[in-house]
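Colleague: This is coords-v6.cif, which holds mmCIF, C-alpha atoms and all ligand atoms:
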```cif
data_final
loop_
_atom_site.label_atom_id
_atom_site.label_comp_id
_atom_site.auth_asym_id
_atom_site.auth_seq_id
_atom_site.Cartn_x
_atom_site.Cartn_y
_atom_site.Cartn_z
CA MET P 1 78.68 105.69 92.24
CA SER P 2 76.67 108.77 91.40
CA GLU P 3 73.68 108.76 89.17
CA ILE P 4 72.24 112.14 88.35
CA ILE P 5 68.83 112.44 86.72
CA PRO P 6 68.02 116.00 85.69
CA LEU P 7 64.43 116.89 84.96
CA HIS P 8 65.15 118.36 81.53
CA PRO P 9 67.99 116.63 79.66
CA VAL P 10 69.32 118.78 76.84
CA ASN P 11 71.52 118.21 73.85
CA ALA P 12 73.49 121.12 72.46
CA ALA P 13 75.84 121.13 69.54
CA GLY P 14 79.06 123.10 69.80
CA ALA P 15 81.77 124.10 67.39
CA CYS P 16 85.30 122.85 67.96
CA GLY P 17 87.23 123.04 64.72
CA ASP P 18 85.65 120.52 62.36
CA LEU P 19 84.77 118.06 65.11
CA ASP P 20 81.18 117.16 65.84
CA VAL P 21 80.91 118.25 69.50
CA GLN P 22 77.69 117.48 71.37
CA VAL P 23 76.98 118.59 74.92
CA GLU P 24 74.77 116.23 76.92
CA ARG P 25 73.18 116.95 80.27
CA GLY P 26 71.39 113.81 81.28
CA GLN P 27 71.69 110.82 83.55
CA ARG P 28 75.31 109.94 84.24
CA ALA P 29 77.05 106.79 85.41
CA VAL P 30 80.39 107.76 86.95
CA PHE P 31 82.43 107.18 90.10
CA CYS P 32 82.91 110.03 92.55
CA GLY P 33 86.10 111.92 93.42
CA LEU P 34 86.81 109.73 96.47
CA THR P 35 88.29 107.23 94.02
CA GLY P 36 91.33 109.50 93.55
CA ILE P 37 92.46 108.56 97.05
CA ILE P 38 93.50 105.16 95.71
CA TRP P 39 96.39 106.53 93.66
CA LEU P 40 97.02 109.72 95.64
CA HIS P 41 97.74 107.88 98.90
CA ARG P 42 100.34 105.80 97.10
CA LYS P 43 101.92 108.91 95.57
CA ILE P 44 102.21 111.17 98.66
CA GLN P 45 103.76 108.69 101.01
CA ASP P 46 103.36 110.59 104.29
CA ALA P 47 99.76 111.72 103.70
CA PHE P 48 96.57 110.26 105.15
CA PHE P 49 93.15 110.70 103.56
CA LEU P 50 90.30 110.75 106.06
CA VAL P 51 86.95 110.60 104.29
CA VAL P 52 84.22 112.22 106.33
CA GLY P 53 81.33 110.22 104.99
CA SER P 54 78.96 107.30 105.20
CA ARG P 55 79.37 103.53 105.11
CA THR P 56 78.73 103.72 101.36
CA CYS P 57 81.80 105.95 100.97
CA ALA P 58 83.85 103.53 103.12
CA HIS P 59 82.70 100.58 100.98
CA LEU P 60 83.58 102.42 97.79
CA ILE P 61 87.21 103.07 98.63
CA GLN P 62 87.72 99.78 100.45
CA SER P 63 86.44 97.73 97.56
CA ALA P 64 88.33 99.81 94.99
CA ALA P 65 91.57 99.72 97.00
CA GLY P 66 91.20 96.41 98.79
CA VAL P 67 93.24 94.38 96.38
CA MET P 68 96.00 96.97 96.23
CA ILE P 69 96.88 97.36 99.89
CA PHE P 70 100.36 96.09 100.65
CA ALA P 71 101.08 98.06 103.84
CA GLU P 72 99.03 99.74 106.57
CA PRO P 73 96.55 101.83 104.62
CA ARG P 74 96.81 105.58 104.68
CA PHE P 75 93.13 106.25 104.18
CA GLY P 76 90.05 105.71 106.28
CA THR P 77 86.51 106.90 106.80
CA ALA P 78 85.08 108.82 109.74
CA ILE P 79 81.51 107.54 109.56
CA ILE P 80 78.71 110.04 109.81
CA ASP P 81 75.82 108.09 111.35
CA GLU P 82 72.11 108.72 111.82
CA ARG P 83 72.63 110.80 114.98
CA ASP P 84 74.92 113.18 113.06
CA LEU P 85 72.51 113.36 110.13
CA ALA P 86 69.64 114.14 112.47
CA GLY P 87 71.69 116.92 114.05
CA LEU P 88 71.65 115.13 117.43
CA ALA P 89 75.42 114.92 117.78
CA ASP P 90 78.18 117.46 117.34
CA ALA P 91 79.99 116.15 114.28
CA ASN P 92 82.89 118.56 114.84
CA GLU P 93 83.57 117.19 118.32
CA GLU P 94 83.46 113.68 116.96
CA LEU P 95 85.82 114.58 114.12
CA ASP P 96 88.34 116.17 116.51
CA ARG P 97 88.30 113.01 118.61
CA VAL P 98 88.80 110.69 115.61
CA VAL P 99 91.65 112.84 114.24
CA GLY P 100 93.31 113.05 117.68
CA GLU P 101 93.25 109.25 118.04
CA LEU P 102 94.51 108.71 114.50
CA LEU P 103 97.44 111.11 114.81
CA ALA P 104 98.41 109.75 118.24
CA ARG P 105 98.62 106.25 116.73
CA ARG P 106 100.18 107.11 113.35
CA LYS P 107 103.28 109.25 113.88
CA ASP P 108 104.26 108.71 110.22
CA ILE P 109 101.44 111.03 109.04
CA LYS P 110 102.68 114.52 108.14
CA LEU P 111 99.77 115.67 106.00
CA LEU P 112 96.14 114.90 106.73
CA PHE P 113 93.40 115.52 104.17
CA LEU P 114 89.83 115.73 105.42
CA VAL P 115 87.92 114.58 102.35
CA GLY P 116 84.33 115.79 102.06
CA SER P 117 81.57 113.51 100.74
CA CYS P 118 77.88 113.71 99.87
CA PRO P 119 76.81 113.10 103.52
CA SER P 120 79.21 115.71 104.96
CA GLU P 121 77.89 118.20 102.42
CA VAL P 122 74.28 117.30 103.19
CA ILE P 123 74.74 118.12 106.87
CA LYS P 124 76.80 121.18 105.87
CA LEU P 125 79.80 120.15 107.92
CA ASP P 126 82.36 122.92 107.33
CA LEU P 127 85.51 120.89 106.69
CA SER P 128 87.52 123.96 105.78
CA ARG P 129 87.03 125.39 109.29
CA ALA P 130 87.61 121.96 110.77
CA ALA P 131 90.92 121.69 108.87
CA GLN P 132 92.04 125.11 110.10
CA ARG P 133 91.11 124.23 113.69
CA LEU P 134 92.85 120.85 113.54
CA SER P 135 95.91 122.34 111.84
CA ARG P 136 96.31 124.84 114.69
CA LEU P 137 96.04 121.94 117.13
CA HIS P 138 98.48 119.57 115.44
CA GLN P 139 101.05 121.78 113.68
CA PRO P 140 104.00 121.70 113.25
CA GLN P 141 103.93 117.88 113.27
CA VAL P 142 100.92 117.58 110.96
CA ARG P 143 99.36 119.89 108.39
CA VAL P 144 95.58 119.44 107.93
CA LEU P 145 93.87 120.37 104.65
CA ASN P 146 90.48 119.62 103.14
CA TYR P 147 88.88 119.08 99.77
CA SER P 148 85.66 117.61 98.43
CA GLY P 149 85.45 114.15 96.87
CA SER P 150 81.67 114.31 96.72
CA GLY P 151 79.92 112.56 93.88
CA ILE P 152 77.47 115.30 93.10
CA GLU P 153 78.12 116.57 89.56
CA THR P 154 81.69 115.30 89.42
CA THR P 155 83.71 112.49 87.95
CA PHE P 156 86.35 110.43 89.66
CA THR P 157 89.53 112.15 88.41
CA GLN P 158 88.26 115.45 89.80
CA GLY P 159 89.27 114.11 93.21
CA GLU P 160 92.93 114.56 92.25
CA ASP P 161 92.26 118.04 90.89
CA ALA P 162 90.51 119.09 94.11
CA CYS P 163 93.26 117.55 96.24
CA LEU P 164 96.12 119.25 94.37
CA ALA P 165 94.26 122.58 94.22
CA SER P 166 93.96 122.45 98.03
CA LEU P 167 97.71 121.89 98.27
CA VAL P 168 98.74 124.79 95.99
CA PRO P 169 98.36 127.53 98.69
CA GLU P 170 100.78 125.49 100.84
CA LEU P 171 103.59 125.62 98.26
CA PRO P 172 106.46 127.86 99.39
CA THR P 173 106.90 131.07 97.39
CA SER P 174 109.83 131.09 94.99
CA HIS P 175 111.87 134.26 94.51
CA GLU P 176 113.93 132.64 91.74
CA THR P 177 114.38 134.59 88.53
CA GLN P 178 115.68 131.63 86.49
CA PRO P 179 112.84 129.55 85.02
CA ARG P 180 112.14 126.28 86.80
CA LEU P 181 110.01 123.46 85.44
CA MET P 182 107.17 121.86 87.39
CA VAL P 183 105.39 118.74 86.14
CA VAL P 184 101.84 118.74 87.51
CA GLY P 185 99.74 115.62 88.05
CA SER P 186 100.35 112.27 89.73
CA LEU P 187 102.74 110.03 87.87
CA ALA P 188 103.94 106.64 89.02
CA ASP P 189 107.39 106.91 90.61
CA VAL P 190 108.94 104.85 87.82
CA VAL P 191 107.55 107.24 85.19
CA GLU P 192 108.68 110.26 87.20
CA ASP P 193 112.26 108.90 87.31
CA GLN P 194 112.25 108.28 83.55
CA MET P 195 110.95 111.80 82.85
CA ARG P 196 113.56 113.37 85.11
CA GLY P 197 116.26 111.53 83.14
CA LEU P 198 114.81 112.70 79.81
CA PHE P 199 114.59 116.33 80.92
CA LYS P 200 118.18 116.15 82.10
CA ALA P 201 119.31 114.73 78.74
CA ILE P 202 117.45 117.56 77.00
CA GLY P 203 119.22 120.13 79.17
CA ILE P 204 116.52 121.00 81.74
CA GLU P 205 118.21 120.21 85.05
CA HIS P 206 115.80 121.49 87.66
CA VAL P 207 112.45 119.75 87.50
CA ASP P 208 109.92 119.55 90.32
CA PHE P 209 107.05 117.09 90.37
CA PHE P 210 103.75 118.04 91.96
CA PRO P 211 102.47 116.27 93.97
CA PRO P 212 105.79 115.28 95.50
CA ARG P 213 106.45 111.89 97.08
CA ARG P 214 106.70 113.48 100.53
CA SER P 215 104.60 116.39 101.74
CA THR P 216 107.63 117.81 103.53
CA ALA P 217 109.24 118.41 100.11
CA LEU P 218 106.64 120.65 98.47
CA PRO P 219 108.08 122.44 95.41
CA GLU P 220 108.37 126.23 95.38
CA VAL P 221 106.15 128.24 93.04
CA GLY P 222 106.41 131.76 91.66
CA PRO P 223 106.56 133.86 88.48
CA ALA P 224 109.62 131.91 87.24
CA THR P 225 107.71 128.61 87.41
CA ARG P 226 106.77 127.07 84.05
CA PHE P 227 104.51 124.07 84.40
CA LEU P 228 103.56 121.16 82.16
CA LEU P 229 100.41 119.20 82.86
CA ALA P 230 100.92 115.44 83.04
CA GLN P 231 97.16 114.84 83.35
CA PRO P 232 94.34 116.55 81.44
CA PHE P 233 91.92 116.80 84.38
CA LEU P 234 93.61 119.51 86.46
CA ALA P 235 91.64 122.67 85.64
CA ASP P 236 91.31 123.96 89.24
CA THR P 237 94.95 123.15 90.04
CA THR P 238 96.02 125.04 86.91
CA ARG P 239 94.02 128.10 87.95
CA ALA P 240 95.47 127.94 91.49
CA LEU P 241 99.05 127.72 90.16
CA GLN P 242 98.44 130.59 87.75
CA ALA P 243 97.12 132.67 90.66
CA ARG P 244 100.51 132.07 92.31
CA GLY P 245 102.23 133.53 89.22
CA ALA P 246 103.20 130.25 87.49
CA HIS P 247 102.93 129.91 83.69
CA HIS P 248 101.30 126.98 81.93
CA VAL P 249 103.23 125.49 78.99
CA PRO P 250 100.56 124.15 76.58
CA ALA P 251 101.37 120.71 75.13
CA LEU P 252 99.99 117.36 74.09
CA PHE P 253 99.75 114.90 76.98
CA PRO P 254 102.57 112.35 77.30
CA LEU P 255 100.64 109.34 76.01
CA GLY P 256 102.27 107.37 73.20
CA VAL P 257 105.35 108.29 71.20
CA GLU P 258 103.89 111.38 69.59
CA GLY P 259 102.36 112.74 72.80
CA THR P 260 105.52 112.17 74.85
CA THR P 261 107.76 113.73 72.20
CA GLN P 262 105.62 116.84 71.80
CA TRP P 263 105.25 117.16 75.57
CA LEU P 264 109.03 117.16 75.98
CA GLN P 265 109.44 119.50 73.00
CA ALA P 266 106.99 122.01 74.49
CA ALA P 267 109.17 122.24 77.62
CA ALA P 268 112.33 122.41 75.52
CA THR P 269 110.90 125.27 73.44
CA ALA P 270 110.03 127.18 76.62
CA TRP P 271 113.71 126.77 77.61
CA GLY P 272 114.96 127.95 74.20
CA ILE P 273 116.10 124.44 73.22
CA ALA P 274 115.48 123.34 69.62
CA PRO P 275 112.85 120.59 69.07
CA GLN P 276 115.41 118.69 66.95
CA HIS P 277 117.63 118.33 70.04
CA VAL P 278 114.76 116.50 71.76
CA LEU P 279 114.51 114.13 68.81
CA ASP P 280 118.27 113.52 68.94
CA VAL P 281 118.47 112.69 72.65
CA THR P 282 115.27 110.60 72.70
CA GLN P 283 116.07 108.51 69.64
CA ALA P 284 116.69 105.26 71.53
CA PRO P 285 113.58 105.30 73.77
CA ARG P 286 111.45 106.46 70.82
CA GLN P 287 112.59 103.52 68.76
CA ARG P 288 111.93 101.11 71.63
CA ALA P 289 108.42 102.55 72.00
CA GLN P 290 107.73 102.32 68.25
CA GLN P 291 108.78 98.69 68.29
CA ALA P 292 106.61 97.95 71.29
CA LEU P 293 103.60 99.44 69.48
CA THR P 294 104.08 97.40 66.33
CA ARG P 295 102.62 94.12 67.55
CA HIS P 296 99.60 95.86 69.11
CA ARG P 297 98.99 97.80 65.89
CA ALA P 298 98.66 94.53 64.02
CA LEU P 299 95.58 93.73 66.12
CA LEU P 300 94.13 97.21 66.65
CA ASN P 301 94.54 98.75 63.19
CA GLU P 302 91.17 99.57 61.56
CA ARG P 303 89.25 98.33 64.63
CA SER P 304 86.64 100.71 66.02
CA VAL P 305 86.52 102.12 69.55
CA PHE P 306 83.77 103.93 71.47
CA PHE P 307 84.54 105.96 74.61
CA PHE P 308 81.96 106.52 77.33
CA PRO P 309 82.80 109.59 79.44
CA ASP P 310 84.67 108.60 82.59
CA SER P 311 88.34 109.38 83.26
CA GLN P 312 88.78 112.69 81.35
CA LEU P 313 91.70 110.98 79.59
CA GLU P 314 89.48 110.14 76.63
CA ILE P 315 90.61 112.83 74.15
CA PRO P 316 94.39 112.17 74.45
CA LEU P 317 93.72 108.41 74.39
CA ALA P 318 91.58 108.74 71.27
CA ARG P 319 94.36 110.74 69.60
CA PHE P 320 96.89 108.02 70.53
CA LEU P 321 94.68 105.10 69.42
CA HIS P 322 93.84 106.74 66.11
CA ARG P 323 97.21 108.17 65.11
CA GLU P 324 99.60 105.55 66.47
CA LEU P 325 97.52 102.38 66.31
CA GLY P 326 95.16 103.09 63.41
CA MET P 327 91.88 102.70 65.34
CA GLN P 328 88.62 104.23 64.10
CA LEU P 329 86.89 106.59 66.54
CA THR P 330 83.13 106.04 66.60
CA GLU P 331 82.39 108.36 69.55
CA VAL P 332 84.66 110.01 72.09
CA GLY P 333 82.72 110.83 75.25
CA THR P 334 84.35 112.88 77.98
CA PRO P 335 82.80 114.18 81.22
CA TYR P 336 84.21 117.67 80.64
CA LEU P 337 85.88 119.16 77.61
CA HIS P 338 88.52 121.65 78.67
CA ARG P 339 88.95 123.22 75.26
CA GLN P 340 92.02 125.27 76.19
CA HIS P 341 94.05 122.44 77.78
CA LEU P 342 92.99 120.04 75.04
CA ALA P 343 93.36 122.40 72.06
CA ALA P 344 96.45 120.62 70.66
CA GLU P 345 94.83 117.21 71.22
CA LEU P 346 91.52 118.17 69.57
CA ALA P 347 93.41 119.51 66.54
CA LEU P 348 94.83 116.02 65.93
CA LEU P 349 91.52 114.14 65.97
CA PRO P 350 90.25 113.24 62.51
CA SER P 351 87.80 115.62 60.93
CA GLY P 352 84.17 114.88 61.82
CA THR P 353 84.95 112.87 64.99
CA ARG P 354 81.90 112.80 67.24
CA VAL P 355 82.93 114.18 70.64
CA THR P 356 80.36 114.26 73.47
CA GLU P 357 80.82 116.32 76.60
CA GLY P 358 78.79 115.25 79.65
CA GLN P 359 76.43 112.32 79.44
CA HIS P 360 72.90 111.18 78.87
CA VAL P 361 73.56 107.52 79.40
CA ASP P 362 70.51 105.80 77.82
CA PRO P 363 70.73 107.38 74.35
CA GLN P 364 74.50 106.98 74.50
CA LEU P 365 74.09 103.25 75.21
CA ASP P 366 71.67 103.05 72.27
CA ARG P 367 74.22 104.72 69.99
CA CYS P 368 76.94 102.38 71.17
CA LEU P 369 74.82 99.25 70.64
CA HIS P 370 73.74 100.52 67.23
CA LEU P 371 77.37 101.14 66.15
CA GLY P 372 78.63 97.84 67.59
CA PRO P 373 82.26 98.96 68.01
CA ASP P 374 85.08 96.43 68.36
CA LEU P 375 86.07 97.93 71.72
CA VAL P 376 84.22 100.05 74.30
CA VAL P 377 86.11 102.06 76.95
CA CYS P 378 83.74 102.68 79.86
CA GLY P 379 83.21 102.74 83.62
CA LEU P 380 82.82 99.57 85.69
CA GLY P 381 79.07 100.03 85.96
CA LEU P 382 78.53 99.82 82.20
CA ALA P 383 81.13 97.16 81.39
CA ASN P 384 79.22 94.04 82.46
CA PRO P 385 75.92 94.91 80.74
CA LEU P 386 77.83 95.72 77.54
CA GLU P 387 79.85 92.50 77.75
CA ALA P 388 76.56 90.64 78.18
CA LYS P 389 75.44 92.18 74.89
CA GLY P 390 78.53 90.77 73.20
CA LEU P 391 80.70 93.90 73.20
CA THR P 392 84.33 93.93 74.31
CA THR P 393 85.10 96.46 77.04
CA LYS P 394 88.02 98.12 78.76
CA TRP P 395 87.57 99.65 82.23
CA ALA P 396 88.54 103.31 82.03
CA ILE P 397 89.64 103.36 85.68
CA GLU P 398 92.53 100.99 84.88
CA LEU P 399 94.02 103.72 82.73
CA VAL P 400 94.44 105.89 85.80
CA PHE P 401 95.80 103.13 88.07
CA THR P 402 98.38 101.92 85.54
CA PRO P 403 101.61 103.73 84.60
CA ILE P 404 100.88 104.71 80.98
CA GLN P 405 102.82 107.93 80.34
CA GLY P 406 106.13 108.17 78.52
CA TYR P 407 108.06 106.13 75.97
CA GLU P 408 108.74 103.05 78.09
CA GLN P 409 105.04 102.66 78.89
CA ALA P 410 103.71 103.18 75.33
CA GLY P 411 103.60 99.42 74.66
CA ASP P 412 101.84 98.76 78.00
CA LEU P 413 99.29 101.46 77.14
CA ALA P 414 98.56 99.86 73.77
CA GLY P 415 98.37 96.47 75.52
CA LEU P 416 95.55 97.73 77.74
CA PHE P 417 93.43 98.06 74.57
CA SER P 418 94.68 95.06 72.62
CA ARG P 419 94.39 92.54 75.48
CA PRO P 420 90.58 92.56 75.81
CA LEU P 421 90.25 92.21 72.02
CA HIS P 422 92.77 89.41 71.99
CA ARG P 423 90.84 87.63 74.77
CA ARG P 424 87.56 88.01 72.90
CA LEU P 425 89.05 86.67 69.67
CA LYS P 426 90.37 83.62 71.52
CA LEU P 427 86.96 83.02 73.10
CA VAL P 428 85.14 83.08 69.77
CA ALA P 429 87.83 81.06 67.96
S1 LIG P 501 80.92 110.66 98.24
FE1 LIG P 501 78.79 110.43 97.56
S2 LIG P 501 78.91 109.33 95.57
FE2 LIG P 501 80.89 109.04 96.66
S3 LIG P 501 80.64 107.10 97.77
FE3 LIG P 501 80.12 108.76 99.20
S4 LIG P 501 77.88 108.94 99.01
FE4 LIG P 501 78.59 107.78 97.18
#
```
Give the structure from this file in structure tokens form.
Ligand code: SF4
Modeller:
Amino acid sequence: MSEIIPLHPVNAAGACGDLDVQVERGQRAVFCGLTGIIWLHRKIQDAFFLVVGSRTCAHLIQSAAGVMIFAEPRFGTAIIDERDLAGLADANEELDRVVGELLARRKDIKLLFLVGSCPSEVIKLDLSRAAQRLSRLHQPQVRVLNYSGSGIETTFTQGEDACLASLVPELPTSHETQPRLMVVGSLADVVEDQMRGLFKAIGIEHVDFFPPRRSTALPEVGPATRFLLAQPFLADTTRALQARGAHHVPALFPLGVEGTTQWLQAAATAWGIAPQHVLDVTQAPRQRAQQALTRHRALLNERSVFFFPDSQLEIPLARFLHRELGMQLTEVGTPYLHRQHLAAELALLPSGTRVTEGQHVDPQLDRCLHLGPDLVVCGLGLANPLEAKGLTTKWAIELVFTPIQGYEQAGDLAGLFSRPLHRRLKLVA
């Protein structure tokens, strides 16, 4: 958990349509990018994530992932101890030894990520050079890459962005002239299969998903690549793909019926397919999703929600909760506001919505307590104190661990917000 206390917190107002956007630079309460390993190691099934960090880093991912391990884990921590920190030991030698032992024991690993942390950055361990050295040593069996999951000035979903951005230079170059669609951002396998079926029904046959399930099946990229973002927190990955010639297709994010439909329609339009055709071929799943939302709307309609900045999913979630479930937005906090990627989302928030970018946690807590919303979406560290004050909370991190994209998951997504309220109502009844 990182907690950053700047000497001079500032508040700055910013224009974003008719929204009330405030920028805060104060103390933050967020998880670091190491957390991304929990869902990334399940997605890329032949990858191993070796955190080069301290016992604190090891505790973080073990406690976050502990309940989810169902097979031999594909992540671990190479512990930097006091001797390394004091410069008494050669950390590179130690790292080479640990990696050698790991790869000798685990022949299933085809891609190894060295994941930087606060301690590895403090001792200025150059993991990029280490990855190059270890790649030379272990290729062609294993490719070694590196990225930073450090908690300094980040939030936890940035771990995925940094990981995918490090993988982009490894994508083979495409010389195709026919456009090819790439969906960018980790999706649960079940969601990926559903999306592939929907694209096929729309008439887009060739769809690649990045990251892929196996590192040996990296999709090609080139000027004919058109990519849709499945997650809103992939700014560096987007830049890296654009540098390889790929073109971003702007869209809403596939959360809820409206988001999923417009996401599919954006791809269809880029392929010269009429938006009405998307409505025709998605009629059945759209109706199922609408029905699934109905019973949650009965509970959530007119209830108020407050978002603390955490997952970077806050803006698309606020749009979904307001437009499809009738919730009132009291404040929508987000760690970073990527105005370009979120332009379509921001345009659908109600006029005057208070959006905060960054955090200054104490005044934000005061605002939340003063408003007394029906539901608070926040990080784990804030949830218990807020519950103790009588507020109902939803852990933001669950929204990243749970399959929530697409039509078939719309009801589950709404359920993540209605369940805590339902529980609270039963307790007070
Ligand atoms: S990377 Fe930094 S913030 Fe994250 S667990 Fe390690 S020491 Fe803590």
Colleague: What's the 12 Å shell around Glu121 (chain P), counting all atoms listed in the file, without same-chain residues fewer than 2 positions away, as a list in words?
Modeller: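 The residues that qualify are Val51, Val52, Gly53, Ser54, Ile80, Leu85, Val115, Gly116, Ser117, Cys118, Pro119, Ile123, Lys124, Leu125, Asp126, Leu127, Ser128, Tyr147, Ser148, Gly149, Ser150, Gly151 and Ile152 of chain P.
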Colleague: Which residues are close to Leu198 (chain P), i.e. within 9 Å by all atoms listed in the file, leaving aside same-chain residues fewer than 3 positions away? Reply as a PDB file with C-alpha atoms, keeping the file's coordinate frame.
Modeller:
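And here is the file that came out, around_35.pdb:
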```pdb
ATOM      1  CA  ASP P 193     112.260 108.900  87.310  1.00  0.00           C
ATOM      2  CA  GLN P 194     112.250 108.280  83.550  1.00  0.00           C
ATOM      3  CA  MET P 195     110.950 111.800  82.850  1.00  0.00           C
ATOM      4  CA  ALA P 201     119.310 114.730  78.740  1.00  0.00           C
ATOM      5  CA  ILE P 202     117.450 117.560  77.000  1.00  0.00           C
ATOM      6  CA  GLY P 203     119.220 120.130  79.170  1.00  0.00           C
ATOM      7  CA  ILE P 204     116.520 121.000  81.740  1.00  0.00           C
ATOM      8  CA  LEU P 264     109.030 117.160  75.980  1.00  0.00           C
ATOM      9  CA  VAL P 278     114.760 116.500  71.760  1.00  0.00           C
ATOM     10  CA  VAL P 281     118.470 112.690  72.650  1.00  0.00           C
ATOM     11  CA  THR P 282     115.270 110.600  72.700  1.00  0.00           C
TER      12      THR P 282
END
```
Colleague: Set up a box along x, y and z of the file covering all listed atoms of ligand LIG 501 (chain P), add 4 Å on every one of the six sides, and write the centre and edge lengths in Å to one decimal, as lines of an AutoDock Vina configuration file.
Modeller:
```
center_x = 79.4
center_y = 108.9
center_z = 97.4
size_x = 11.0
size_y = 11.6
size_z = 11.6
```
Colleague: Could you check which of P:His341, P:Arg297, P:Arg106, P:Arg213 is closest to Leu229 (chain P), using only C-alpha atoms?
Modeller: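 Nearest to Leu229 (chain P): P:His341.
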Colleague: I need the residue nearest ligand LIG 501 (chain P) from this list: P:Glu258, P:Gln139, P:Phe156, P:Val144. Use only C-alpha atoms and all ligand atoms for the distance.
Modeller: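 Going through P:Glu258, P:Gln139, P:Phe156, P:Val144 one by one, the smallest distance to ligand LIG 501 (chain P) is for P:Phe156.
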Colleague: Residues at most 9 Å from Arg55 (chain P), counting only C-alpha atoms, excluding those fewer than 2 positions away in the same chain, as an mmCIF file with C-alpha atoms, keeping the file's coordinate frame?
Modeller:
```
data_model
loop_
_atom_site.group_PDB
_atom_site.id
_atom_site.type_symbol
_atom_site.label_atom_id
_atom_site.label_comp_id
_atom_site.auth_asym_id
_atom_site.auth_seq_id
_atom_site.Cartn_x
_atom_site.Cartn_y
_atom_site.Cartn_z
ATOM 1 C CA GLY P 53 81.330 110.220 104.990
ATOM 2 C CA CYS P 57 81.800 105.950 100.970
ATOM 3 C CA ALA P 58 83.850 103.530 103.120
ATOM 4 C CA HIS P 59 82.700 100.580 100.980
ATOM 5 C CA LEU P 60 83.580 102.420 97.790
ATOM 6 C CA THR P 77 86.510 106.900 106.800
ATOM 7 C CA ILE P 79 81.510 107.540 109.560
ATOM 8 C CA ILE P 80 78.710 110.040 109.810
ATOM 9 C CA ASP P 81 75.820 108.090 111.350
#
```
Colleague: One decimal, in Å: what's the spacing between CA of Pro403 (chain P) and CA of Thr330 (chain P)?
Modeller: 25.9 Å
Colleague: With distances taken over only C-alpha atoms and all ligand atoms, which residue among P:Gln27, P:Arg419, P:Leu19, P:Ala64 lies nearest ligand LIG 501 (chain P)?
Modeller: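 For ligand LIG 501 (chain P), the nearest of the candidates is P:Ala64.
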Colleague: Could you pull out every residue with an atom within 10 Å of (95.7, 109.6, 99.1), file coordinates, counting all atoms listed in the file, and send them as a short mmCIF file (atom, residue, chain, number, x, y, z; two decimals) with C-alpha atoms, in the coordinates of the input?
Modeller:
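After the write, point00.cif holds the following:
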```cif
data_model
loop_
_atom_site.label_atom_id
_atom_site.label_comp_id
_atom_site.auth_asym_id
_atom_site.auth_seq_id
_atom_site.Cartn_x
_atom_site.Cartn_y
_atom_site.Cartn_z
CA LEU P 34 86.81 109.73 96.47
CA THR P 35 88.29 107.23 94.02
CA GLY P 36 91.33 109.50 93.55
CA ILE P 37 92.46 108.56 97.05
CA ILE P 38 93.50 105.16 95.71
CA TRP P 39 96.39 106.53 93.66
CA LEU P 40 97.02 109.72 95.64
CA HIS P 41 97.74 107.88 98.90
CA ARG P 42 100.34 105.80 97.10
CA LYS P 43 101.92 108.91 95.57
CA ILE P 44 102.21 111.17 98.66
CA GLN P 45 103.76 108.69 101.01
CA ASP P 46 103.36 110.59 104.29
CA ALA P 47 99.76 111.72 103.70
CA PHE P 48 96.57 110.26 105.15
CA PHE P 49 93.15 110.70 103.56
CA LEU P 50 90.30 110.75 106.06
CA PRO P 73 96.55 101.83 104.62
CA ARG P 74 96.81 105.58 104.68
CA PHE P 75 93.13 106.25 104.18
CA GLY P 76 90.05 105.71 106.28
CA LEU P 112 96.14 114.90 106.73
CA PHE P 113 93.40 115.52 104.17
CA VAL P 115 87.92 114.58 102.35
CA GLY P 159 89.27 114.11 93.21
CA GLU P 160 92.93 114.56 92.25
CA CYS P 163 93.26 117.55 96.24
#
```
Colleague: What's the separation between CA of Ala388 (chain P) and CA of Leu421 (chain P), in Å to one decimal place?
Modeller: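 If I compute the distance from CA of Ala388 (chain P) to CA of Leu421 (chain P), I get 15.1 Å.
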Colleague: Pick from P:Gly390, P:Lys426, P:Phe306, P:Leu382: nearest to Arg354 (chain P), with only C-alpha atoms counted?
Modeller: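 Checking each candidate against Arg354 (chain P), we get P:Phe306 as the closest.
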Colleague: For Val168 (chain P), work out the shell of residues within 10 Å, counting only C-alpha atoms and skipping chain neighbours fewer than 3 positions away, then give it as a PyMOL selection string.
Modeller: chain P and resi 163-165+171-172+210-211+218-221+237-241+243-244
Colleague: Would you list the residues near (102.7, 101.3, 64.3), meaning any protein, DNA or RNA residue with an atom at most 6 Å from that point in file coordinates, counting all atoms listed in the file, as a PyMOL selection string?
Modeller: chain P and resi 293-294+297+324-325
Colleague: For the atom pair CA of Thr261 (chain P) and CA of Leu300 (chain P), what is the interatomic distance in Å to one decimal place?
Modeller: 22.1 Å
